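Undergrad: I am sharing input-v8.pdb, which consists of PDB, C-alpha atoms, pLDDT in the B column:
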```pdb
ATOM      1  CA  MET A  15      99.121 -39.227 116.445  1.00 35.00           C
ATOM      2  CA  LYS A  16      99.633 -36.672 119.215  1.00 32.00           C
ATOM      3  CA  THR A  17     100.552 -37.647 122.749  1.00 31.00           C
ATOM      4  CA  ILE A  18      98.766 -35.823 125.537  1.00 33.00           C
ATOM      5  CA  ASN A  19     100.904 -35.429 128.651  1.00 32.00           C
ATOM      6  CA  LEU A  20      98.775 -33.338 130.974  1.00 29.00           C
ATOM      7  CA  ASN A  21      97.040 -33.686 134.272  1.00 33.00           C
ATOM      8  CA  VAL A  22      93.917 -35.061 132.650  1.00 33.00           C
ATOM      9  CA  LYS A  23      91.497 -34.400 135.514  1.00 37.00           C
ATOM     10  CA  SER A  24      92.350 -30.689 135.722  1.00 31.00           C
ATOM     11  CA  LEU A  25      92.396 -30.380 131.933  1.00 33.00           C
ATOM     12  CA  LEU A  26      88.998 -32.007 131.684  1.00 36.00           C
ATOM     13  CA  ALA A  27      87.535 -29.771 134.348  1.00 34.00           C
ATOM     14  CA  ALA A  28      88.693 -26.764 132.349  1.00 30.00           C
ATOM     15  CA  ILE A  29      87.514 -27.917 128.929  1.00 36.00           C
ATOM     16  CA  LEU A  30      84.298 -29.763 129.577  1.00 42.00           C
ATOM     17  CA  ILE A  31      81.294 -27.560 128.965  1.00 40.00           C
ATOM     18  CA  ILE A  32      78.034 -28.905 130.295  1.00 40.00           C
ATOM     19  CA  THR A  33      74.723 -27.335 129.478  1.00 40.00           C
ATOM     20  CA  THR A  34      71.648 -28.258 131.401  1.00 41.00           C
ATOM     21  CA  CYS A  35      68.016 -27.542 130.863  1.00 42.00           C
ATOM     22  CA  PHE A  36      65.176 -29.230 132.655  1.00 41.00           C
ATOM     23  CA  LYS A  37      61.813 -30.329 131.473  1.00 44.00           C
ATOM     24  CA  SER A  38      59.781 -31.652 134.334  1.00 45.00           C
ATOM     25  CA  ALA A  39      56.493 -33.418 134.723  1.00 45.00           C
ATOM     26  CA  SER A  40      54.718 -34.644 137.784  1.00 43.00           C
ATOM     27  CA  ALA A  41      54.091 -38.365 137.859  1.00 47.00           C
ATOM     28  CA  ASN A  42      50.760 -37.603 139.527  1.00 47.00           C
ATOM     29  CA  THR A  43      47.832 -35.604 138.261  1.00 51.00           C
ATOM     30  CA  GLY A  44      47.420 -32.121 139.641  1.00 60.00           C
ATOM     31  CA  THR A  45      49.462 -28.971 139.534  1.00 69.00           C
ATOM     32  CA  VAL A  46      52.959 -29.124 140.920  1.00 70.00           C
ATOM     33  CA  ASN A  47      53.204 -26.388 143.538  1.00 82.00           C
ATOM     34  CA  HIS A  48      56.904 -26.912 144.063  1.00 88.00           C
ATOM     35  CA  LYS A  49      59.177 -28.415 141.403  1.00 91.00           C
ATOM     36  CA  ALA A  50      61.982 -30.709 142.491  1.00 93.00           C
ATOM     37  CA  THR A  51      65.180 -28.771 143.022  1.00 93.00           C
ATOM     38  CA  PHE A  52      68.844 -29.655 143.342  1.00 94.00           C
ATOM     39  CA  GLY A  53      70.809 -27.779 145.948  1.00 89.00           C
ATOM     40  CA  VAL A  54      70.035 -24.304 147.184  1.00 86.00           C
ATOM     41  CA  GLN A  55      71.065 -21.997 144.363  1.00 87.00           C
ATOM     42  CA  GLU A  56      69.856 -22.098 140.776  1.00 84.00           C
ATOM     43  CA  ASN A  57      73.271 -23.063 139.384  1.00 91.00           C
ATOM     44  CA  ASP A  58      74.008 -25.839 141.941  1.00 94.00           C
ATOM     45  CA  LEU A  59      73.042 -28.574 139.478  1.00 94.00           C
ATOM     46  CA  GLN A  60      75.202 -27.031 136.752  1.00 92.00           C
ATOM     47  CA  SER A  61      78.133 -26.863 139.180  1.00 93.00           C
ATOM     48  CA  TYR A  62      77.639 -30.470 140.283  1.00 95.00           C
ATOM     49  CA  ILE A  63      77.547 -31.718 136.680  1.00 93.00           C
ATOM     50  CA  ASN A  64      80.588 -29.646 135.669  1.00 90.00           C
ATOM     51  CA  LYS A  65      82.573 -30.924 138.648  1.00 93.00           C
ATOM     52  CA  ASN A  66      81.683 -34.596 138.268  1.00 94.00           C
ATOM     53  CA  VAL A  67      81.194 -35.422 134.581  1.00 91.00           C
ATOM     54  CA  ILE A  68      84.497 -36.178 132.886  1.00 89.00           C
ATOM     55  CA  TYR A  69      85.151 -36.237 129.141  1.00 91.00           C
ATOM     56  CA  PRO A  70      86.297 -39.786 128.318  1.00 92.00           C
ATOM     57  CA  GLU A  71      90.103 -39.602 128.357  1.00 91.00           C
ATOM     58  CA  SER A  72      90.552 -42.097 125.534  1.00 90.00           C
ATOM     59  CA  LEU A  73      88.504 -39.847 123.221  1.00 90.00           C
ATOM     60  CA  LEU A  74      90.208 -36.498 123.866  1.00 89.00           C
ATOM     61  CA  GLU A  75      91.935 -36.485 120.497  1.00 88.00           C
ATOM     62  CA  THR A  76      88.639 -36.811 118.620  1.00 89.00           C
ATOM     63  CA  ASN A  77      87.579 -33.293 119.670  1.00 88.00           C
ATOM     64  CA  ALA A  78      84.021 -34.565 119.465  1.00 91.00           C
ATOM     65  CA  THR A  79      81.149 -32.434 120.685  1.00 94.00           C
ATOM     66  CA  VAL A  80      78.575 -34.871 122.019  1.00 95.00           C
ATOM     67  CA  ASP A  81      75.098 -34.217 123.386  1.00 95.00           C
ATOM     68  CA  VAL A  82      73.723 -36.842 125.765  1.00 97.00           C
ATOM     69  CA  GLN A  83      70.118 -36.560 126.947  1.00 97.00           C
ATOM     70  CA  VAL A  84      69.238 -38.398 130.145  1.00 97.00           C
ATOM     71  CA  ARG A  85      65.904 -38.634 131.905  1.00 97.00           C
ATOM     72  CA  PHE A  86      65.265 -39.686 135.457  1.00 97.00           C
ATOM     73  CA  VAL A  87      62.724 -39.575 138.230  1.00 97.00           C
ATOM     74  CA  VAL A  88      63.168 -37.641 141.446  1.00 97.00           C
ATOM     75  CA  ASP A  89      61.084 -39.718 143.847  1.00 97.00           C
ATOM     76  CA  ARG A  90      58.993 -38.348 146.713  1.00 96.00           C
ATOM     77  CA  ASN A  91      62.002 -38.721 149.031  1.00 97.00           C
ATOM     78  CA  GLY A  92      64.337 -36.775 146.710  1.00 97.00           C
ATOM     79  CA  ARG A  93      66.273 -39.797 145.422  1.00 97.00           C
ATOM     80  CA  VAL A  94      67.184 -40.036 141.738  1.00 97.00           C
ATOM     81  CA  LYS A  95      65.823 -43.221 140.168  1.00 97.00           C
ATOM     82  CA  ASN A  96      65.338 -44.862 136.783  1.00 97.00           C
ATOM     83  CA  ALA A  97      68.017 -42.866 134.955  1.00 97.00           C
ATOM     84  CA  GLN A  98      67.925 -43.673 131.239  1.00 97.00           C
ATOM     85  CA  ILE A  99      69.706 -42.284 128.220  1.00 98.00           C
ATOM     86  CA  VAL A 100      67.186 -40.772 125.810  1.00 97.00           C
ATOM     87  CA  SER A 101      69.554 -39.820 122.995  1.00 97.00           C
ATOM     88  CA  THR A 102      73.201 -39.336 122.085  1.00 96.00           C
ATOM     89  CA  GLU A 103      74.270 -37.137 119.183  1.00 95.00           C
ATOM     90  CA  VAL A 104      77.624 -36.065 117.781  1.00 94.00           C
ATOM     91  CA  GLU A 105      77.456 -32.405 116.748  1.00 92.00           C
ATOM     92  CA  ASN A 106      80.647 -32.349 114.663  1.00 87.00           C
ATOM     93  CA  SER A 107      79.778 -33.441 111.128  1.00 82.00           C
ATOM     94  CA  ASP A 108      83.442 -34.316 110.501  1.00 90.00           C
ATOM     95  CA  VAL A 109      83.693 -36.686 113.496  1.00 88.00           C
ATOM     96  CA  THR A 110      82.475 -40.267 113.435  1.00 92.00           C
ATOM     97  CA  LEU A 111      82.322 -42.242 116.659  1.00 93.00           C
ATOM     98  CA  SER A 112      81.545 -45.928 117.064  1.00 93.00           C
ATOM     99  CA  GLU A 113      78.751 -47.178 119.329  1.00 95.00           C
ATOM    100  CA  ASP A 114      81.424 -48.289 121.827  1.00 95.00           C
ATOM    101  CA  GLN A 115      82.858 -44.769 121.882  1.00 94.00           C
ATOM    102  CA  LEU A 116      79.414 -43.183 122.299  1.00 95.00           C
ATOM    103  CA  GLU A 117      78.758 -45.594 125.151  1.00 96.00           C
ATOM    104  CA  LEU A 118      81.675 -44.030 127.075  1.00 95.00           C
ATOM    105  CA  PHE A 119      79.867 -40.665 127.026  1.00 95.00           C
ATOM    106  CA  ARG A 120      76.579 -42.303 128.069  1.00 97.00           C
ATOM    107  CA  GLU A 121      78.251 -44.149 130.945  1.00 96.00           C
ATOM    108  CA  ALA A 122      79.875 -40.929 132.190  1.00 96.00           C
ATOM    109  CA  VAL A 123      76.498 -39.181 132.347  1.00 96.00           C
ATOM    110  CA  LEU A 124      74.615 -42.105 133.899  1.00 97.00           C
ATOM    111  CA  GLN A 125      77.207 -42.563 136.640  1.00 96.00           C
ATOM    112  CA  VAL A 126      77.063 -38.928 137.698  1.00 96.00           C
ATOM    113  CA  VAL A 127      73.255 -38.859 137.656  1.00 96.00           C
ATOM    114  CA  LYS A 128      73.016 -42.080 139.665  1.00 95.00           C
ATOM    115  CA  ASP A 129      75.493 -40.696 142.237  1.00 96.00           C
ATOM    116  CA  MET A 130      73.593 -37.417 142.767  1.00 96.00           C
ATOM    117  CA  PRO A 131      72.847 -36.453 146.342  1.00 96.00           C
ATOM    118  CA  LEU A 132      69.250 -36.015 147.468  1.00 96.00           C
ATOM    119  CA  TRP A 133      67.048 -33.439 145.780  1.00 97.00           C
ATOM    120  CA  SER A 134      64.229 -31.470 147.331  1.00 95.00           C
ATOM    121  CA  PRO A 135      61.239 -33.343 145.838  1.00 96.00           C
ATOM    122  CA  ALA A 136      58.322 -31.848 143.930  1.00 95.00           C
ATOM    123  CA  SER A 137      55.072 -31.361 145.797  1.00 94.00           C
ATOM    124  CA  VAL A 138      51.381 -31.074 145.020  1.00 93.00           C
ATOM    125  CA  ASN A 139      49.205 -29.471 147.673  1.00 90.00           C
ATOM    126  CA  GLY A 140      51.957 -29.957 150.229  1.00 90.00           C
ATOM    127  CA  VAL A 141      52.437 -33.670 149.473  1.00 94.00           C
ATOM    128  CA  ASN A 142      55.740 -34.830 147.994  1.00 96.00           C
ATOM    129  CA  VAL A 143      55.328 -36.482 144.589  1.00 95.00           C
ATOM    130  CA  PRO A 144      57.707 -38.115 142.116  1.00 96.00           C
ATOM    131  CA  SER A 145      58.627 -36.012 139.099  1.00 95.00           C
ATOM    132  CA  MET A 146      60.440 -36.761 135.871  1.00 95.00           C
ATOM    133  CA  TYR A 147      63.330 -34.688 134.543  1.00 93.00           C
ATOM    134  CA  ARG A 148      65.167 -34.592 131.265  1.00 95.00           C
ATOM    135  CA  LEU A 149      68.731 -33.324 131.409  1.00 94.00           C
ATOM    136  CA  PRO A 150      70.880 -32.574 128.357  1.00 94.00           C
ATOM    137  CA  VAL A 151      74.632 -32.831 128.965  1.00 94.00           C
ATOM    138  CA  LYS A 152      76.996 -31.451 126.335  1.00 93.00           C
ATOM    139  CA  PHE A 153      80.614 -32.615 126.108  1.00 92.00           C
ATOM    140  CA  GLU A 154      82.743 -30.076 124.293  1.00 88.00           C
ATOM    141  CA  ILE A 155      86.459 -29.287 124.101  1.00 81.00           C
ATOM    142  CA  ARG A 156      87.345 -25.672 123.507  1.00 74.00           C
TER     143      ARG A 156
END
```
Just give me the structure of the file as structure tokens.

TA:
Amino acid sequence: MKTINLNVKSLLAAILIITTCFKSASANTGTVNHKATFGVQENDLQSYINKNVIYPESLLETNATVDVQVRFVVDRNGRVKNAQIVSTEVENSDVTLSEDQLELFREAVLQVVKDMPLWSPASVNGVNVPSMYRLPVKFEIR
């Protein structure tokens, strides 16, 4: 077994690759005129996730590539609510992780989503409405 003697936080920031892609739906009927947005620039959400999600330290040696899908609601005030894990998959066919190990990845994603700052909420005809998002987060060591 190898021993890892590195500054884990800086190592993790360098090796964790997060991919995000949103699917949104308004909780109300009608056409969403303005989708909920995070930050000012298009890549602000990606930057936030990359900065705050940390690959579970105890699982570094597994070299597992794990996809965690989370969905949540951005309410009419821009707060993130009802974050739930939709799925968790290990991409490496040669890596087997226990449910307890997978839970570490899920917890990392849920914590960061729950701690998100306010979003700019979706709107329909100028009225803020809740909207649902689905966010895939990929943990990968390169």

Undergrad: Using all atoms listed in the file, find each residue of region 80-124 of chain A with at least one atom at most 8 Å away from an atom of region 133-136 of chain A; report its shortest atom-to-atom pair and that distance in Å (one decimal), sort the rows by chain and rising residue number, and return the result as JSON lines.

TA:
```
{"residue": "A:Val88", "atom": "CA", "partner": "A:Pro135", "partner_atom": "CA", "distance": 6.4}
{"residue": "A:Asp89", "atom": "CA", "partner": "A:Pro135", "partner_atom": "CA", "distance": 6.7}
{"residue": "A:Arg90", "atom": "CA", "partner": "A:Pro135", "partner_atom": "CA", "distance": 5.6}
{"residue": "A:Asn91", "atom": "CA", "partner": "A:Pro135", "partner_atom": "CA", "distance": 6.3}
{"residue": "A:Gly92", "atom": "CA", "partner": "A:Trp133", "partner_atom": "CA", "distance": 4.4}
{"residue": "A:Arg93", "atom": "CA", "partner": "A:Trp133", "partner_atom": "CA", "distance": 6.4}
{"residue": "A:Val94", "atom": "CA", "partner": "A:Trp133", "partner_atom": "CA", "distance": 7.7}
```

Undergrad: Find the residues around region 111-113 of chain A up to 9 Å (only C-alpha atoms counted), leave out those fewer than 3 positions away in its own chain, and share them as a list of chain:residue names.

TA: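 Skipping anything fewer than 3 positions along the chain leaves A:Thr76, A:Ala78, A:Val104, A:Leu116, A:Glu117, A:Leu118.
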
Undergrad: My list of candidates is A:Leu149, A:Ser61, A:Leu132, A:Leu73. Which is closest to Val100 (chain A) when distances are computed with all atoms listed in the file?

TA: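 The answer is A:Leu149, which sits nearest to Val100 (chain A).
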
Undergrad: Skipping near chain neighbours, those fewer than 3 positions away, what residues fall within 8 Å of region 123-130 of chain A using all atoms listed in the file, listed as a short mmCIF file (atom, residue, chain, number, x, y, z; two decimals) with C-alpha atoms, keeping the file's coordinate frame?

TA:
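Produced file out-v6.cif, reproduced below:
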```
data_model
loop_
_atom_site.label_atom_id
_atom_site.label_comp_id
_atom_site.auth_asym_id
_atom_site.auth_seq_id
_atom_site.Cartn_x
_atom_site.Cartn_y
_atom_site.Cartn_z
CA ILE A 63 77.55 -31.72 136.68
CA ASN A 66 81.68 -34.60 138.27
CA VAL A 67 81.19 -35.42 134.58
CA VAL A 82 73.72 -36.84 125.76
CA VAL A 84 69.24 -38.40 130.15
CA VAL A 94 67.18 -40.04 141.74
CA LYS A 95 65.82 -43.22 140.17
CA ALA A 97 68.02 -42.87 134.96
CA GLN A 98 67.92 -43.67 131.24
CA ILE A 99 69.71 -42.28 128.22
CA PHE A 119 79.87 -40.66 127.03
CA ARG A 120 76.58 -42.30 128.07
CA VAL A 151 74.63 -32.83 128.96
#
```

Undergrad: Just need the box for region 124-131 of chain A, edges along x, y and z, holding every atom the file lists for it with 6 Å tacked onto each side, so centre and edge lengths in Å to one decimal, as AutoDock Vina command-line options.

TA:
```
--center_x 75.0 --center_y -39.5 --center_z 140.1 --size_x 16.4 --size_y 18.1 --size_z 24.4
```

Undergrad: CA of Phe52 (chain A) to CA of Gly140 (chain A): how many Å, to one decimal?

TA: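 It comes out at 18.2 Å.
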
Undergrad: So how far away is CA of Pro70 (chain A) from CA of Met146 (chain A), in Å?

TA: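 It comes out at 27.1 Å.
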
Undergrad: Could you tell me which residues the PyMOL selection byres ((chain A and resi 77) around 10) grabs in this file, written as a list in words?

TA: Leu73, Leu74, Glu75, Thr76, Ala78, Thr79, Val80, Asn106, Val109, Phe153, Glu154, Ile155 and Arg156 of chain A

Undergrad: Please determine, counting all atoms listed in the file, which residue among A:Val87, A:Val46, A:Val54, A:Ala122 has the shortest atom-to-atom distance to Asn142 (chain A).

TA: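 Smallest separation from Asn142 (chain A) among the options: A:Val46.
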